[in-house]
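Visitor: Handing you a structure now.
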Amino acid sequence: MDLVETYREELRFVRKPIPRALLLLLLLALLLLPWWGPRAWLSRGSLVWLFAIGVIGQNLLIGYAGLVSFGQAGFLAVGAYTFGHLRIAGVPFPLALAAAGGAAGLVGWLVGFPSLRLKGPYLAIATLGFGTATYQIFANVEKLSGGRQGLGIPALEPLFGLSRDVYVYLVYYLIFLLFTGAAYNLVSSYVGRSLVAVRDSDIAAEAMGVNLTRTKLLAFGISSFYTGVHGALMAQYLGHLEPQSFNIAESLNFFVAVIVGGLASVEGSVMGAAFTVLVPALFGDFRWAVPVLFGAAILGVLIFEPLGLSGIWLKARLYFRMWPFR
Amino acid sequence: MGAGLLEVQHLALRFGGITALAGVDLSIAEGETLAVIGPNGSGKTSLMNCITGLYRPTAGSIRLRGESLLGLSPDAVTARGVARTFQNLRLFQHMTVLDNLLLGRHLHFRRRLVDAFVRRRGEEIRHRERCEEIIEFLDLEPWRDQRVVGCAYGVQKRVELGRALCTEPKLLLLDEPVSGLTAEEKEEVSYWIHEARGRFGVTVLLVEHDLRVAARLASRMVVMDRGEKLTEGPPAEVQKHPGVVRAYLGDQ
Ligand SMILES: Nc1ncnc2c1ncn2[C@@H]1O[C@H](COP(=O)(O)OP(=O)(O)OP(=O)(O)O)[C@@H](O)[C@H]1O
Ligand SMILES: [Mg+2]
């Protein structure tokens, strides 16, 4: 029996008890991974969590608001270097993280201005220009990039007597949960609705009282905040920054993750991030084949399942909801 | 003439060499229904686009309760109490019917970003109740949770009317609300437009090709031709005007 009695009930995150229990179980299992999984999974896991945050950010922009950006590596760099310099100056981890998000968000908000005039491919080219320019700046200004030897970032000191990799995994997982939860809340709120409205018909959105300027800039700001946090977590994870980590190929990785995971889906973003991080790891000596696989995956998604992994997941859930009927 | 709800004076609009509007005067009194008719390309939609801020008129003035609407962006015009539907539907295709209606409530939300991030949904529930009223009014219950793309054309037309009503407009602009509908659906929509005036207290500016529907709903008609106002008056008189006869029945 599935009866909804109040509007509030309909707005709950997970409405039915069994899926809620399953979800809690899954989240708990992932939290306890250090105590049941192999050691090697910890660093992989941390990488998935941090990447997922950036992919969610990218998806908010392209999937929800329909604004294409090829400049993600630029926001990533702003976040990573802000974080790096602050950490070196002795700023504690959480503060540096927030500042990295804020700096990237601010830059994103500024980069959003062309989006008020440009659409589709033109916006893509403008943001690509931003990404390339940022890369050039970090590659050429030694004060920012730390010169030849790059920027070394002080490691995270583990607390509670945990070993470092366990501690990092747990911290990253909790930050991931925070940002994913916030994203779910956002997309199901009036903000998410106005983003999708702008994507589906900007003229109608405006006619409904949605301010296009504010909405598009907000989309860029929030999306880049997420990307900046991703950059910061990546900087902490690597312990070392070089401009090479922020070239165009990095921007493209976000695209692969968003398309394979599924446009306009938060869980799709997480699945896409897991795909782009974990699958190449299986290749071992055949790393050259990874771009080929990514290309094939994008083609496969576009041809067979436009909603990506999230589409497959949706169908699976529907199947079980109807079971044993089809 | 006493100051009406909407006063349009000498409105002109040119696109390069094309004159879409050539100095149109128009006035709508509070509570009235005014129909604008005219052949294809006579500037009816352009007039509506100028009022809602989508087009920038070349000359003239537009006032709502004495306040100029010129230079305002479309969302600012809507915030002042003007809502519209489009000639070729402009719905949010990938959203449900309910979400489309909730967007009509967008400007009444107390938009606080923090609330969105922490899932505080009091506003949502408050506005949901208004949407349900409109859903009940337009008999949209069976489609509430369906995506708009999957709905029949007649339903989509209805959703657009509902979405406009959700903004609680003082002035409702309808661009050919019954075009493409079956005879039965035309009846229904005419009824809803008529009812909406009483129930929600809206003043209606109606652009319509179907003369019968226009004549039945409107107390006054304006006839446009090539960007100019040909004539205006009560429907019965206007329909006898030689220019209207020529425009609708051809030269005979
Ligand atoms: N955006 C535009 N750019 C160029 N010309 C335009 C534009 N919009 C309208 N026009 C021109 O303005 C004139 C009036 O068009 P409009 O759409 O207002 O007519 P209409 O009365 O609504 O016609 P219909 O009954 O076919 O809807 C037409 O000649 C049209 O080609
Ligand atoms: Mg028209």
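By convention here, the chains of the structure tokens are called A, B, ... in the order presented, each chain's residues are numbered starting at 1, and ligands are numbered starting at 1 in the order presented.
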Would you give me, as an NGL selection string, the residues of chain B that come within 6 Å of chain A, using only C-alpha atoms?
Guide: :B and (74-75 or 78 or 90 or 92 or 104 or 107 or 116-117 or 119)
Visitor: Please dump the current selection as a PDB file, in the first residue's frame; keep N, CA and C atoms.
Guide:
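Once everything was written out, this is selection.pdb:
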```
ATOM      1  N   PRO B  74      11.144  40.931 -18.453  1.00  0.00           N
ATOM      2  CA  PRO B  74       9.897  40.163 -18.349  1.00  0.00           C
ATOM      3  C   PRO B  74       9.562  39.722 -16.929  1.00  0.00           C
ATOM      4  N   ASP B  75      10.575  39.325 -16.155  1.00  0.00           N
ATOM      5  CA  ASP B  75      10.251  38.852 -14.807  1.00  0.00           C
ATOM      6  C   ASP B  75       9.761  40.003 -13.926  1.00  0.00           C
ATOM      7  N   THR B  78       6.117  40.562 -14.780  1.00  0.00           N
ATOM      8  CA  THR B  78       5.288  39.547 -14.137  1.00  0.00           C
ATOM      9  C   THR B  78       5.111  39.864 -12.652  1.00  0.00           C
ATOM     10  N   ARG B  90       4.830  27.291 -24.522  1.00  0.00           N
ATOM     11  CA  ARG B  90       6.179  27.312 -23.944  1.00  0.00           C
ATOM     12  C   ARG B  90       6.084  26.781 -22.528  1.00  0.00           C
ATOM     13  N   PHE B  92       7.508  23.928 -19.473  1.00  0.00           N
ATOM     14  CA  PHE B  92       8.747  23.280 -19.055  1.00  0.00           C
ATOM     15  C   PHE B  92       8.541  21.797 -19.281  1.00  0.00           C
ATOM     16  N   GLY B 104       4.791  28.829 -11.512  1.00  0.00           N
ATOM     17  CA  GLY B 104       3.922  29.990 -11.520  1.00  0.00           C
ATOM     18  C   GLY B 104       3.904  30.687 -10.167  1.00  0.00           C
ATOM     19  N   LEU B 107       7.438  33.598  -7.989  1.00  0.00           N
ATOM     20  CA  LEU B 107       7.694  34.952  -7.517  1.00  0.00           C
ATOM     21  C   LEU B 107       7.023  35.233  -6.180  1.00  0.00           C
ATOM     22  N   ALA B 116      16.729  26.330   0.835  1.00  0.00           N
ATOM     23  CA  ALA B 116      16.857  25.340  -0.229  1.00  0.00           C
ATOM     24  C   ALA B 116      17.890  24.284   0.156  1.00  0.00           C
ATOM     25  N   PHE B 117      19.012  24.732   0.700  1.00  0.00           N
ATOM     26  CA  PHE B 117      20.093  23.798   1.021  1.00  0.00           C
ATOM     27  C   PHE B 117      19.759  22.881   2.199  1.00  0.00           C
ATOM     28  N   ARG B 119      16.707  21.946   3.114  1.00  0.00           N
ATOM     29  CA  ARG B 119      15.434  21.275   2.949  1.00  0.00           C
ATOM     30  C   ARG B 119      14.357  21.782   3.915  1.00  0.00           C
TER      31      ARG B 119
END
```
Visitor: Neighbours of ligand 1 at 6 Å or closer, counting only C-alpha atoms and all ligand atoms: which residues, as a ChimeraX atom specification?
Guide: /B:15,20,39-46
Visitor: Please check which protein, DNA or RNA residues sit within 12 Å of ligand 2, counting only C-alpha atoms and all ligand atoms, and write them as an MDAnalysis selection string.
Guide: chainID B and resid 20 36:49 85:89 174:177 179 206:209 224 227
Visitor: I need the residue nearest Arg56 in chain B from this list: B:Gly23, B:His241, B:Arg14, B:His94. Use only C-alpha atoms for the distance.
Guide: B:Arg14
Visitor: Applying 10 Å and only C-alpha atoms, which residues near Cys50 in chain B remain after dropping the ones on its own chain fewer than 4 positions away? List them as a PyMOL selection string.
Guide: chain B and resi 11-13+21+45-46+54-58+61-62+69-71+74
Visitor: Could the residues in this selection be written to a file with N, CA, C and O atoms, as a short mmCIF file (atom, residue, chain, number, x, y, z; two decimals), in the first residue's frame?
Guide:
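Produced file out05.cif, reproduced below:
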```
data_model
loop_
_atom_site.label_atom_id
_atom_site.label_comp_id
_atom_site.auth_asym_id
_atom_site.auth_seq_id
_atom_site.Cartn_x
_atom_site.Cartn_y
_atom_site.Cartn_z
N LEU B 11 2.03 53.02 -29.45
CA LEU B 11 3.06 51.99 -29.39
C LEU B 11 3.54 51.63 -30.79
O LEU B 11 2.74 51.26 -31.66
N ALA B 12 4.84 51.75 -30.99
CA ALA B 12 5.42 51.41 -32.29
C ALA B 12 6.57 50.44 -32.10
O ALA B 12 7.29 50.50 -31.11
N LEU B 13 6.68 49.52 -33.07
CA LEU B 13 7.76 48.52 -33.00
C LEU B 13 8.20 48.20 -34.41
O LEU B 13 7.39 47.88 -35.28
N LEU B 21 4.33 47.15 -35.34
CA LEU B 21 3.31 47.98 -34.72
C LEU B 21 3.55 49.43 -35.14
O LEU B 21 4.67 49.92 -35.08
N THR B 45 0.62 39.42 -31.51
CA THR B 45 1.60 38.83 -30.60
C THR B 45 2.69 39.85 -30.25
O THR B 45 3.14 39.92 -29.10
N SER B 46 3.06 40.66 -31.23
CA SER B 46 4.07 41.70 -30.96
C SER B 46 3.58 42.64 -29.87
O SER B 46 4.35 43.04 -28.99
N LEU B 54 9.19 41.45 -23.44
CA LEU B 54 10.00 40.57 -24.27
C LEU B 54 10.58 41.34 -25.45
O LEU B 54 11.69 41.08 -25.89
N TYR B 55 9.79 42.29 -25.98
CA TYR B 55 10.27 43.18 -27.04
C TYR B 55 10.39 44.59 -26.48
O TYR B 55 9.60 44.99 -25.62
N ARG B 56 11.37 45.33 -26.97
CA ARG B 56 11.51 46.74 -26.61
C ARG B 56 10.83 47.56 -27.68
O ARG B 56 11.30 47.59 -28.82
N PRO B 57 9.73 48.25 -27.38
CA PRO B 57 9.07 49.05 -28.41
C PRO B 57 9.97 50.20 -28.87
O PRO B 57 10.81 50.69 -28.12
N THR B 58 9.78 50.59 -30.15
CA THR B 58 10.59 51.67 -30.71
C THR B 58 10.10 53.02 -30.17
O THR B 58 10.87 53.94 -29.98
N SER B 61 4.18 54.38 -25.09
CA SER B 61 4.24 54.13 -23.65
C SER B 61 3.28 53.02 -23.26
O SER B 61 2.27 52.77 -23.92
N ILE B 62 3.62 52.29 -22.19
CA ILE B 62 2.78 51.24 -21.65
C ILE B 62 2.70 51.48 -20.15
O ILE B 62 3.73 51.51 -19.47
N LEU B 69 5.72 50.42 -17.73
CA LEU B 69 6.33 49.09 -17.79
C LEU B 69 7.52 49.08 -18.73
O LEU B 69 8.21 48.07 -18.88
N LEU B 70 7.76 50.21 -19.39
CA LEU B 70 8.83 50.25 -20.38
C LEU B 70 10.19 50.01 -19.75
O LEU B 70 10.49 50.53 -18.67
N GLY B 71 11.00 49.21 -20.41
CA GLY B 71 12.36 49.00 -19.94
C GLY B 71 12.48 47.94 -18.86
O GLY B 71 13.57 47.61 -18.43
N PRO B 74 11.14 40.93 -18.45
CA PRO B 74 9.90 40.16 -18.35
C PRO B 74 9.56 39.72 -16.93
O PRO B 74 8.39 39.76 -16.53
#
```
Visitor: Could you give me, as a count of residues only, each residue of range 23-183 of chain B that DSSP assigns to helix (DSSP H, G or I) when run on this structure's backbone?
Guide: 67
Visitor: Which residue out of B:Val97, B:Cys166, B:Val114, B:Ala218 has the minimum interatomic distance to Leu140 in chain B when only C-alpha atoms are used?
Guide: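 Between B:Val97, B:Cys166, B:Val114, B:Ala218, the residue approaching Leu140 in chain B most closely is B:Val97.
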Visitor: Write out as a list in words the set of residues from range 116-322 of chain A that DSSP, computed on the backbone, places in strand (DSSP E).
Guide: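 So, restricting range 116-322 of chain A to strand (DSSP E), we get Leu151, Gly152, His240 and Leu241 of chain A.
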Visitor: Convert the current residue selection to file output with C-alpha atoms, as a PDB file, in the first residue's frame.
Guide:
```
ATOM      1  CA  LEU A 151      53.523  23.514  -4.312  1.00  0.00           C
ATOM      2  CA  GLY A 152      53.895  21.097  -1.410  1.00  0.00           C
ATOM      3  CA  HIS A 240      51.527  18.390  -4.163  1.00  0.00           C
ATOM      4  CA  LEU A 241      50.284  20.736  -6.886  1.00  0.00           C
TER       5      LEU A 241
END
```
Visitor: Please identify all polymer residues within 12 Å of Phe137 in chain B, counting only C-alpha atoms, omitting same-chain residues fewer than 2 positions from it, and present them as an MDAnalysis selection string.
Guide: chainID B and resid 130:135 139:141 158:159 161:162 165:166 188:189 191:193 195:196 199:200
Visitor: Show me, as a short mmCIF file (atom, residue, chain, number, x, y, z; two decimals) with C-alpha atoms, in the first residue's frame, the residues that have an atom within 12 Å of Gln146 in chain B when counting only C-alpha atoms, minus same-chain residues fewer than 2 positions from it.
Guide:
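Just written: around.cif:
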```
data_model
loop_
_atom_site.label_atom_id
_atom_site.label_comp_id
_atom_site.auth_asym_id
_atom_site.auth_seq_id
_atom_site.Cartn_x
_atom_site.Cartn_y
_atom_site.Cartn_z
CA GLN B 93 8.62 20.05 -20.99
CA HIS B 94 10.61 17.84 -18.66
CA MET B 95 8.81 18.83 -15.50
CA THR B 96 5.60 17.46 -14.13
CA VAL B 97 2.37 19.39 -14.44
CA LEU B 98 2.58 20.21 -10.74
CA ASP B 99 6.12 21.57 -11.05
CA ASN B 100 5.05 23.73 -13.97
CA LEU B 140 -5.95 18.66 -14.05
CA GLU B 141 -5.95 16.00 -11.28
CA PRO B 142 -5.24 13.00 -13.54
CA TRP B 143 -2.10 14.63 -14.93
CA ARG B 144 -0.71 16.21 -11.77
CA VAL B 148 4.28 17.72 -19.63
CA VAL B 149 5.93 16.15 -22.70
CA GLY B 150 3.64 13.16 -22.36
CA CYS B 151 0.40 15.15 -22.09
CA ALA B 152 -2.00 15.72 -24.96
CA VAL B 155 -3.95 19.33 -21.60
CA GLN B 156 -0.77 21.29 -22.26
CA VAL B 159 -1.44 23.68 -17.97
#
```
Visitor: With only C-alpha atoms as the atoms that count, which of A:Tyr226, A:Phe138, A:Trp35, A:Phe83 lies nearest to Gly57 in chain A?
Guide: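 Using only C-alpha atoms, the shortest distance to Gly57 in chain A belongs to A:Tyr226.
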Visitor: Can you work out the spacing between CA of Thr127 in chain A and CA of Ser115 in chain A in Å, to one decimal?
Guide: 9.2 Å
Visitor: What lies within 12 Å of range 284-296 of chain A using only C-alpha atoms, ignoring chain neighbours under 6 positions off, as a list in words?
Guide: Ala249, Leu252, Asn253, Phe254, Phe255, Val256, Ala257, Val258, Ile259, Val260, Gly261, Gly272, Phe275, Thr276, Val277, Leu278, Leu302, Ile303 and Phe304 of chain A
Visitor: If you count only C-alpha atoms, which residues fall within 12 Å of Leu314 in chain A, apart from same-chain ones fewer than 2 positions away, as a PyMOL selection string?
Guide: chain A and resi 261-262+265+267-268+305+307-312+316-321
Visitor: For Thr213 in chain A, which residue out of A:Arg39, A:His85, A:Arg15, A:Arg117 is the nearest one, using only C-alpha atoms?
Guide: A:Arg117
Visitor: Given the choices A:Trp109, A:Tyr135, A:Tyr64, A:Trp36, which gets closest to Phe246 in chain A if the distance is worked out from only C-alpha atoms?
Guide: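 When distances to Phe246 in chain A are compared using only C-alpha atoms, the smallest one comes from A:Tyr135.
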